[in-house]
>>> print(open('input_35.pdb').read())   # PDB, C-alpha atoms
ATOM      1  CA  MET A   1      77.002 146.871 115.174  1.00  0.00           C
ATOM      2  CA  GLU A   2      80.607 145.707 115.271  1.00  0.00           C
ATOM      3  CA  SER A   3      81.469 147.965 112.338  1.00  0.00           C
ATOM      4  CA  ILE A   4      79.996 150.975 114.172  1.00  0.00           C
ATOM      5  CA  ILE A   5      82.053 150.170 117.261  1.00  0.00           C
ATOM      6  CA  GLY A   6      85.108 149.828 115.033  1.00  0.00           C
ATOM      7  CA  VAL A   7      84.520 153.267 113.493  1.00  0.00           C
ATOM      8  CA  PHE A   8      84.048 154.806 116.940  1.00  0.00           C
ATOM      9  CA  LEU A   9      87.194 153.199 118.378  1.00  0.00           C
ATOM     10  CA  SER A  10      89.339 154.022 115.356  1.00  0.00           C
ATOM     11  CA  ALA A  11      88.180 157.652 115.415  1.00  0.00           C
ATOM     12  CA  PHE A  12      88.666 157.937 119.180  1.00  0.00           C
ATOM     13  CA  LEU A  13      92.137 156.395 119.175  1.00  0.00           C
ATOM     14  CA  ALA A  14      93.233 158.387 116.122  1.00  0.00           C
ATOM     15  CA  ALA A  15      92.560 161.590 118.077  1.00  0.00           C
ATOM     16  CA  THR A  16      94.532 160.484 121.123  1.00  0.00           C
ATOM     17  CA  ILE A  17      97.771 158.552 121.369  1.00  0.00           C
ATOM     18  CA  LEU A  18      97.896 156.293 118.323  1.00  0.00           C
ATOM     19  CA  PRO A  19      99.216 157.291 114.896  1.00  0.00           C
ATOM     20  CA  PHE A  20      96.174 155.820 113.203  1.00  0.00           C
ATOM     21  CA  SER A  21      93.970 156.841 110.298  1.00  0.00           C
ATOM     22  CA  SER A  22      90.285 156.594 111.091  1.00  0.00           C
ATOM     23  CA  GLU A  23      89.508 157.798 107.563  1.00  0.00           C
ATOM     24  CA  ILE A  24      90.572 154.435 106.148  1.00  0.00           C
ATOM     25  CA  VAL A  25      88.177 152.538 108.414  1.00  0.00           C
ATOM     26  CA  LEU A  26      85.369 155.019 107.733  1.00  0.00           C
ATOM     27  CA  SER A  27      85.729 154.943 103.958  1.00  0.00           C
ATOM     28  CA  ALA A  28      86.101 151.136 103.874  1.00  0.00           C
ATOM     29  CA  LEU A  29      82.896 150.604 105.837  1.00  0.00           C
ATOM     30  CA  TYR A  30      80.995 153.187 103.825  1.00  0.00           C
ATOM     31  CA  GLY A  31      82.285 151.772 100.564  1.00  0.00           C
ATOM     32  CA  ALA A  32      81.226 148.285 101.661  1.00  0.00           C
ATOM     33  CA  GLY A  33      77.711 149.558 102.358  1.00  0.00           C
ATOM     34  CA  ASP A  34      77.801 148.414 105.984  1.00  0.00           C
ATOM     35  CA  SER A  35      76.095 151.554 107.289  1.00  0.00           C
ATOM     36  CA  THR A  36      74.573 154.821 106.166  1.00  0.00           C
ATOM     37  CA  ALA A  37      76.716 157.878 105.663  1.00  0.00           C
ATOM     38  CA  VAL A  38      74.861 159.795 108.368  1.00  0.00           C
ATOM     39  CA  LEU A  39      75.337 157.086 110.992  1.00  0.00           C
ATOM     40  CA  LEU A  40      79.018 156.692 110.141  1.00  0.00           C
ATOM     41  CA  LEU A  41      79.488 160.478 110.208  1.00  0.00           C
ATOM     42  CA  VAL A  42      77.888 160.836 113.642  1.00  0.00           C
ATOM     43  CA  VAL A  43      79.775 157.903 115.144  1.00  0.00           C
ATOM     44  CA  ALA A  44      83.184 158.866 113.698  1.00  0.00           C
ATOM     45  CA  THR A  45      82.796 162.528 114.631  1.00  0.00           C
ATOM     46  CA  THR A  46      81.685 161.655 118.165  1.00  0.00           C
ATOM     47  CA  GLY A  47      84.607 159.284 118.674  1.00  0.00           C
ATOM     48  CA  ASN A  48      87.138 161.733 117.276  1.00  0.00           C
ATOM     49  CA  VAL A  49      85.822 164.677 119.299  1.00  0.00           C
ATOM     50  CA  LEU A  50      85.830 162.595 122.489  1.00  0.00           C
ATOM     51  CA  GLY A  51      89.437 161.614 121.756  1.00  0.00           C
ATOM     52  CA  SER A  52      90.268 165.306 121.374  1.00  0.00           C
ATOM     53  CA  LEU A  53      88.520 165.951 124.669  1.00  0.00           C
ATOM     54  CA  VAL A  54      90.976 163.541 126.299  1.00  0.00           C
ATOM     55  CA  ASN A  55      93.808 165.663 124.890  1.00  0.00           C
ATOM     56  CA  TRP A  56      92.134 168.830 126.198  1.00  0.00           C
ATOM     57  CA  ALA A  57      91.866 167.249 129.667  1.00  0.00           C
ATOM     58  CA  LEU A  58      95.513 166.162 129.530  1.00  0.00           C
ATOM     59  CA  GLY A  59      96.515 169.719 128.723  1.00  0.00           C
ATOM     60  CA  ARG A  60      94.315 171.155 131.404  1.00  0.00           C
ATOM     61  CA  TYR A  61      95.260 168.812 134.220  1.00  0.00           C
ATOM     62  CA  LEU A  62      98.289 166.647 133.460  1.00  0.00           C
ATOM     63  CA  LEU A  63     101.060 168.818 132.002  1.00  0.00           C
ATOM     64  CA  HIS A  64     103.340 167.863 134.891  1.00  0.00           C
ATOM     65  CA  TRP A  65     103.579 164.383 133.298  1.00  0.00           C
ATOM     66  CA  GLN A  66     105.100 165.711 130.059  1.00  0.00           C
ATOM     67  CA  ASP A  67     108.588 164.406 130.845  1.00  0.00           C
ATOM     68  CA  HIS A  68     107.393 160.802 130.982  1.00  0.00           C
ATOM     69  CA  LYS A  69     108.074 158.492 128.077  1.00  0.00           C
ATOM     70  CA  TRP A  70     104.385 157.595 127.610  1.00  0.00           C
ATOM     71  CA  PHE A  71     103.261 161.226 127.310  1.00  0.00           C
ATOM     72  CA  PRO A  72     101.606 161.571 123.870  1.00  0.00           C
ATOM     73  CA  PHE A  73     103.218 164.829 122.666  1.00  0.00           C
ATOM     74  CA  ASN A  74     106.805 165.936 122.351  1.00  0.00           C
ATOM     75  CA  VAL A  75     108.156 169.416 123.026  1.00  0.00           C
ATOM     76  CA  ASN A  76     108.347 170.349 119.323  1.00  0.00           C
ATOM     77  CA  GLN A  77     104.692 169.477 118.729  1.00  0.00           C
ATOM     78  CA  LEU A  78     103.620 171.520 121.750  1.00  0.00           C
ATOM     79  CA  CYS A  79     105.730 174.512 120.721  1.00  0.00           C
ATOM     80  CA  ARG A  80     104.351 174.469 117.167  1.00  0.00           C
ATOM     81  CA  ALA A  81     100.776 174.220 118.434  1.00  0.00           C
ATOM     82  CA  SER A  82     101.373 177.042 120.920  1.00  0.00           C
ATOM     83  CA  VAL A  83     102.701 179.305 118.170  1.00  0.00           C
ATOM     84  CA  TRP A  84      99.626 178.578 116.041  1.00  0.00           C
ATOM     85  CA  PHE A  85      97.385 179.393 119.001  1.00  0.00           C
ATOM     86  CA  GLN A  86      99.166 182.670 119.633  1.00  0.00           C
ATOM     87  CA  ARG A  87      98.819 183.631 115.977  1.00  0.00           C
ATOM     88  CA  TYR A  88      95.215 182.548 115.267  1.00  0.00           C
ATOM     89  CA  GLY A  89      93.513 182.202 118.658  1.00  0.00           C
ATOM     90  CA  VAL A  90      90.807 179.640 119.350  1.00  0.00           C
ATOM     91  CA  TRP A  91      89.797 179.601 115.660  1.00  0.00           C
ATOM     92  CA  ILE A  92      92.799 177.360 115.021  1.00  0.00           C
ATOM     93  CA  LEU A  93      90.744 174.570 116.606  1.00  0.00           C
ATOM     94  CA  LEU A  94      88.811 174.344 113.331  1.00  0.00           C
ATOM     95  CA  LEU A  95      92.012 172.682 112.060  1.00  0.00           C
ATOM     96  CA  ALA A  96      92.250 170.125 114.877  1.00  0.00           C
ATOM     97  CA  TRP A  97      91.624 167.423 112.260  1.00  0.00           C
ATOM     98  CA  LEU A  98      95.028 167.997 110.643  1.00  0.00           C
ATOM     99  CA  PRO A  99      97.594 165.208 110.913  1.00  0.00           C
ATOM    100  CA  VAL A 100     100.611 165.729 113.203  1.00  0.00           C
ATOM    101  CA  VAL A 101      99.649 169.146 114.595  1.00  0.00           C
ATOM    102  CA  GLY A 102      95.906 168.657 115.224  1.00  0.00           C
ATOM    103  CA  ASP A 103      96.206 166.536 118.356  1.00  0.00           C
ATOM    104  CA  PRO A 104      98.765 168.850 119.984  1.00  0.00           C
ATOM    105  CA  LEU A 105      96.422 171.776 119.212  1.00  0.00           C
ATOM    106  CA  THR A 106      93.712 170.136 121.294  1.00  0.00           C
ATOM    107  CA  PHE A 107      96.203 169.546 124.099  1.00  0.00           C
ATOM    108  CA  VAL A 108      97.374 173.172 124.035  1.00  0.00           C
ATOM    109  CA  ALA A 109      93.721 174.272 124.118  1.00  0.00           C
ATOM    110  CA  GLY A 110      93.434 172.538 127.481  1.00  0.00           C
ATOM    111  CA  LEU A 111      96.738 173.970 128.621  1.00  0.00           C
ATOM    112  CA  LEU A 112      95.521 177.476 127.733  1.00  0.00           C
ATOM    113  CA  ARG A 113      92.215 176.750 129.453  1.00  0.00           C
ATOM    114  CA  VAL A 114      90.092 177.320 126.365  1.00  0.00           C
ATOM    115  CA  ASN A 115      86.428 177.258 127.347  1.00  0.00           C
ATOM    116  CA  LEU A 116      85.138 173.683 127.026  1.00  0.00           C
ATOM    117  CA  TRP A 117      82.020 174.651 125.026  1.00  0.00           C
ATOM    118  CA  ILE A 118      83.980 176.748 122.545  1.00  0.00           C
ATOM    119  CA  PHE A 119      86.468 173.906 122.246  1.00  0.00           C
ATOM    120  CA  LEU A 120      83.752 171.324 121.586  1.00  0.00           C
ATOM    121  CA  ILE A 121      81.949 173.471 119.019  1.00  0.00           C
ATOM    122  CA  LEU A 122      85.044 174.360 116.983  1.00  0.00           C
ATOM    123  CA  VAL A 123      86.602 170.899 117.125  1.00  0.00           C
ATOM    124  CA  THR A 124      83.298 169.265 116.164  1.00  0.00           C
ATOM    125  CA  ILE A 125      82.860 171.566 113.153  1.00  0.00           C
ATOM    126  CA  GLY A 126      86.372 170.829 111.887  1.00  0.00           C
ATOM    127  CA  LYS A 127      86.283 167.095 112.457  1.00  0.00           C
ATOM    128  CA  ALA A 128      82.774 166.660 111.051  1.00  0.00           C
ATOM    129  CA  GLY A 129      83.838 168.630 107.976  1.00  0.00           C
ATOM    130  CA  ARG A 130      86.763 166.309 107.427  1.00  0.00           C
ATOM    131  CA  TYR A 131      84.584 163.196 107.737  1.00  0.00           C
ATOM    132  CA  ILE A 132      81.971 164.691 105.402  1.00  0.00           C
ATOM    133  CA  ALA A 133      84.731 165.181 102.831  1.00  0.00           C
ATOM    134  CA  VAL A 134      85.949 161.589 103.307  1.00  0.00           C
ATOM    135  CA  LEU A 135      82.441 160.192 102.892  1.00  0.00           C
ATOM    136  CA  TRP A 136      81.757 162.363  99.849  1.00  0.00           C
ATOM    137  CA  LEU A 137      85.026 161.306  98.192  1.00  0.00           C
ATOM    138  CA  THR A 138      84.351 157.665  99.001  1.00  0.00           C
ATOM    139  CA  GLY A 139      80.845 157.917  97.556  1.00  0.00           C
ATOM    140  CA  SER A 140      82.019 159.679  94.415  1.00  0.00           C
ATOM    141  CA  MET A 141      84.666 157.018  93.773  1.00  0.00           C
ATOM    142  CA  ALA A 142      82.200 154.132  94.136  1.00  0.00           C
TER     143      ALA A 142
END
>>> encode(input="input_35.pdb", output="structure tokens")
Amino acid sequence: MESIIGVFLSAFLAATILPFSSEIVLSALYGAGDSTAVLLLVVATTGNVLGSLVNWALGRYLLHWQDHKWFPFNVNQLCRASVWFQRYGVWILLLAWLPVVGDPLTFVAGLLRVNLWIFLILVTIGKAGRYIAVLWLTGSMA
């Protein structure tokens, strides 16, 4: 049970404010045989999507805090994410799993008031796909 909580927390925090790699925790636990691939996939995806939901809520409701030192995104990250949104629309959320730009994309989605259900569907597809790839690679290397 502790390993499942660890996967959830690492995935959640990796999608919010911490520069952390949940893939390392996920692949280590799967490689150790601590849990099934399906359980790890569901838990990691849920944690990561909920972390992205925090970013969406920050974008939707707390932009006025952006000048504070603790605010999780800098101006360059927000500008880059905004440009991607203008170019590709909501479909860019399928790439919310990407390092560096993925978290700001989820923030900008909130800022642009992307429909919550569309947000959740697209972000879940992208993040689950990434974790499926991690689990497959981990399994093929074992």
>>> closest_residue(input="input_35.pdb", among="A:Ala37, A:Ser27, A:Trp91, A:Val43", to="Ile5 of chain A", atoms="only C-alpha atoms")
A:Val43
>>> atom_distance(input="input_35.pdb", atom1="atom CA of Ser10 of chain A", atom2="atom CA of Gly110 of chain A")
22.5 Å
>>> resolve_selection(input="input_35.pdb", expression="the PyMOL selection byres ((chain A and resi 22) around 8)", output="NGL selection string")
:A and (7 or 10-11 or 14 or 20-21 or 23-26 or 44)
>>> residues_around(input="input_35.pdb", residues="Gly126 of chain A", least_positions_apart="4", cutoff="9 Å", atoms="only C-alpha atoms", output="list of chain:residue names")
A:Leu93, A:Leu94, A:Leu95, A:Ala96, A:Trp97, A:Ile121, A:Leu122, A:Arg130, A:Tyr131
>>> atom_distance(input="input_35.pdb", atom1="atom CA of Arg80 of chain A", atom2="atom CA of Ala133 of chain A")
26.0 Å
>>> atom_distance(input="input_35.pdb", atom1="atom CA of Lys69 of chain A", atom2="atom CA of Thr46 of chain A")
28.4 Å
>>> resolve_selection(input="input_35.pdb", expression="the PyMOL selection byres ((chain A and resi 4) around 9)", output="ChimeraX atom specification")
/A:1-3,5-9,29,34-35,39-40,43-44
>>> closest_residue(input="input_35.pdb", among="A:Gln86, A:Thr16, A:Thr138, A:Thr106", to="Val123 of chain A", atoms="all atoms listed in the file")
A:Thr106
>>> closest_residue(input="input_35.pdb", among="A:Trp136, A:Phe71, A:Phe107, A:Tyr61", to="Val38 of chain A", atoms="only C-alpha atoms")
A:Trp136
>>> closest_residue(input="input_35.pdb", among="A:Val100, A:Val42, A:Ala15, A:Leu62", to="Ala128 of chain A", atoms="all atoms listed in the file")
A:Val42
>>> closest_residue(input="input_35.pdb", among="A:Leu53, A:Leu41, A:Ile132, A:Ala32", to="Pro104 of chain A", atoms="all atoms listed in the file")
A:Leu53
>>> closest_residue(input="input_35.pdb", among="A:Phe73, A:Phe85, A:Phe12, A:Tyr30", to="Val49 of chain A", atoms="only C-alpha atoms")
A:Phe12
>>> axis_aligned_box(input="input_35.pdb", around="segment 101-114 of chain A", padding_each_side="4 Å", output="JSON")
{"center_x": 94.9, "center_y": 172.0, "center_z": 122.0, "size_x": 17.6, "size_y": 18.9, "size_z": 22.9}
>>> residues_around(input="input_35.pdb", residues="Ala81 of chain A", least_positions_apart="5", cutoff="7 Å", atoms="all atoms listed in the file", output="short mmCIF file (atom, residue, chain, number, x, y, z; two decimals) with C-alpha atoms, in the frame of the given file")
data_model
loop_
_atom_site.label_atom_id
_atom_site.label_comp_id
_atom_site.auth_asym_id
_atom_site.auth_seq_id
_atom_site.Cartn_x
_atom_site.Cartn_y
_atom_site.Cartn_z
CA VAL A 101 99.65 169.15 114.60
CA PRO A 104 98.76 168.85 119.98
CA LEU A 105 96.42 171.78 119.21
CA VAL A 108 97.37 173.17 124.04
#
>>> build_atoms(input="input_35.pdb", residues="segment 35-53 of chain A", atoms="N, CA and C atoms", output="PDB file, in the coordinates of the input")
ATOM      1  N   SER A  35      76.919 150.609 106.539  1.00  0.00           N
ATOM      2  CA  SER A  35      76.095 151.554 107.289  1.00  0.00           C
ATOM      3  C   SER A  35      75.815 152.781 106.432  1.00  0.00           C
ATOM      4  N   THR A  36      74.882 153.589 106.888  1.00  0.00           N
ATOM      5  CA  THR A  36      74.573 154.821 106.166  1.00  0.00           C
ATOM      6  C   THR A  36      75.642 155.866 106.427  1.00  0.00           C
ATOM      7  N   ALA A  37      75.736 156.797 105.527  1.00  0.00           N
ATOM      8  CA  ALA A  37      76.716 157.878 105.663  1.00  0.00           C
ATOM      9  C   ALA A  37      76.457 158.697 106.923  1.00  0.00           C
ATOM     10  N   VAL A  38      75.200 158.971 107.204  1.00  0.00           N
ATOM     11  CA  VAL A  38      74.861 159.795 108.368  1.00  0.00           C
ATOM     12  C   VAL A  38      75.269 159.098 109.667  1.00  0.00           C
ATOM     13  N   LEU A  39      74.964 157.819 109.784  1.00  0.00           N
ATOM     14  CA  LEU A  39      75.337 157.086 110.992  1.00  0.00           C
ATOM     15  C   LEU A  39      76.851 157.039 111.153  1.00  0.00           C
ATOM     16  N   LEU A  40      77.555 156.730 110.075  1.00  0.00           N
ATOM     17  CA  LEU A  40      79.018 156.692 110.141  1.00  0.00           C
ATOM     18  C   LEU A  40      79.592 158.061 110.490  1.00  0.00           C
ATOM     19  N   LEU A  41      79.028 159.114 109.922  1.00  0.00           N
ATOM     20  CA  LEU A  41      79.488 160.478 110.208  1.00  0.00           C
ATOM     21  C   LEU A  41      79.318 160.815 111.686  1.00  0.00           C
ATOM     22  N   VAL A  42      78.158 160.525 112.233  1.00  0.00           N
ATOM     23  CA  VAL A  42      77.888 160.836 113.642  1.00  0.00           C
ATOM     24  C   VAL A  42      78.803 160.041 114.561  1.00  0.00           C
ATOM     25  N   VAL A  43      78.955 158.760 114.284  1.00  0.00           N
ATOM     26  CA  VAL A  43      79.775 157.903 115.144  1.00  0.00           C
ATOM     27  C   VAL A  43      81.256 158.293 115.062  1.00  0.00           C
ATOM     28  N   ALA A  44      81.767 158.499 113.858  1.00  0.00           N
ATOM     29  CA  ALA A  44      83.184 158.866 113.698  1.00  0.00           C
ATOM     30  C   ALA A  44      83.469 160.234 114.312  1.00  0.00           C
ATOM     31  N   THR A  45      82.590 161.188 114.069  1.00  0.00           N
ATOM     32  CA  THR A  45      82.796 162.528 114.631  1.00  0.00           C
ATOM     33  C   THR A  45      82.752 162.488 116.147  1.00  0.00           C
ATOM     34  N   THR A  46      81.786 161.764 116.707  1.00  0.00           N
ATOM     35  CA  THR A  46      81.685 161.655 118.165  1.00  0.00           C
ATOM     36  C   THR A  46      82.938 161.022 118.754  1.00  0.00           C
ATOM     37  N   GLY A  47      83.394 159.935 118.174  1.00  0.00           N
ATOM     38  CA  GLY A  47      84.607 159.284 118.674  1.00  0.00           C
ATOM     39  C   GLY A  47      85.822 160.185 118.587  1.00  0.00           C
ATOM     40  N   ASN A  48      85.974 160.885 117.472  1.00  0.00           N
ATOM     41  CA  ASN A  48      87.138 161.733 117.276  1.00  0.00           C
ATOM     42  C   ASN A  48      87.106 162.950 118.201  1.00  0.00           C
ATOM     43  N   VAL A  49      85.940 163.526 118.390  1.00  0.00           N
ATOM     44  CA  VAL A  49      85.822 164.677 119.299  1.00  0.00           C
ATOM     45  C   VAL A  49      86.072 164.240 120.745  1.00  0.00           C
ATOM     46  N   LEU A  50      85.560 163.082 121.131  1.00  0.00           N
ATOM     47  CA  LEU A  50      85.830 162.595 122.489  1.00  0.00           C
ATOM     48  C   LEU A  50      87.313 162.311 122.698  1.00  0.00           C
ATOM     49  N   GLY A  51      87.988 161.797 121.666  1.00  0.00           N
ATOM     50  CA  GLY A  51      89.437 161.614 121.756  1.00  0.00           C
ATOM     51  C   GLY A  51      90.152 162.950 121.933  1.00  0.00           C
ATOM     52  N   SER A  52      89.692 163.971 121.222  1.00  0.00           N
ATOM     53  CA  SER A  52      90.268 165.306 121.374  1.00  0.00           C
ATOM     54  C   SER A  52      89.994 165.873 122.760  1.00  0.00           C
ATOM     55  N   LEU A  53      88.852 165.514 123.316  1.00  0.00           N
ATOM     56  CA  LEU A  53      88.520 165.951 124.669  1.00  0.00           C
ATOM     57  C   LEU A  53      89.497 165.357 125.687  1.00  0.00           C
TER      58      LEU A  53
END
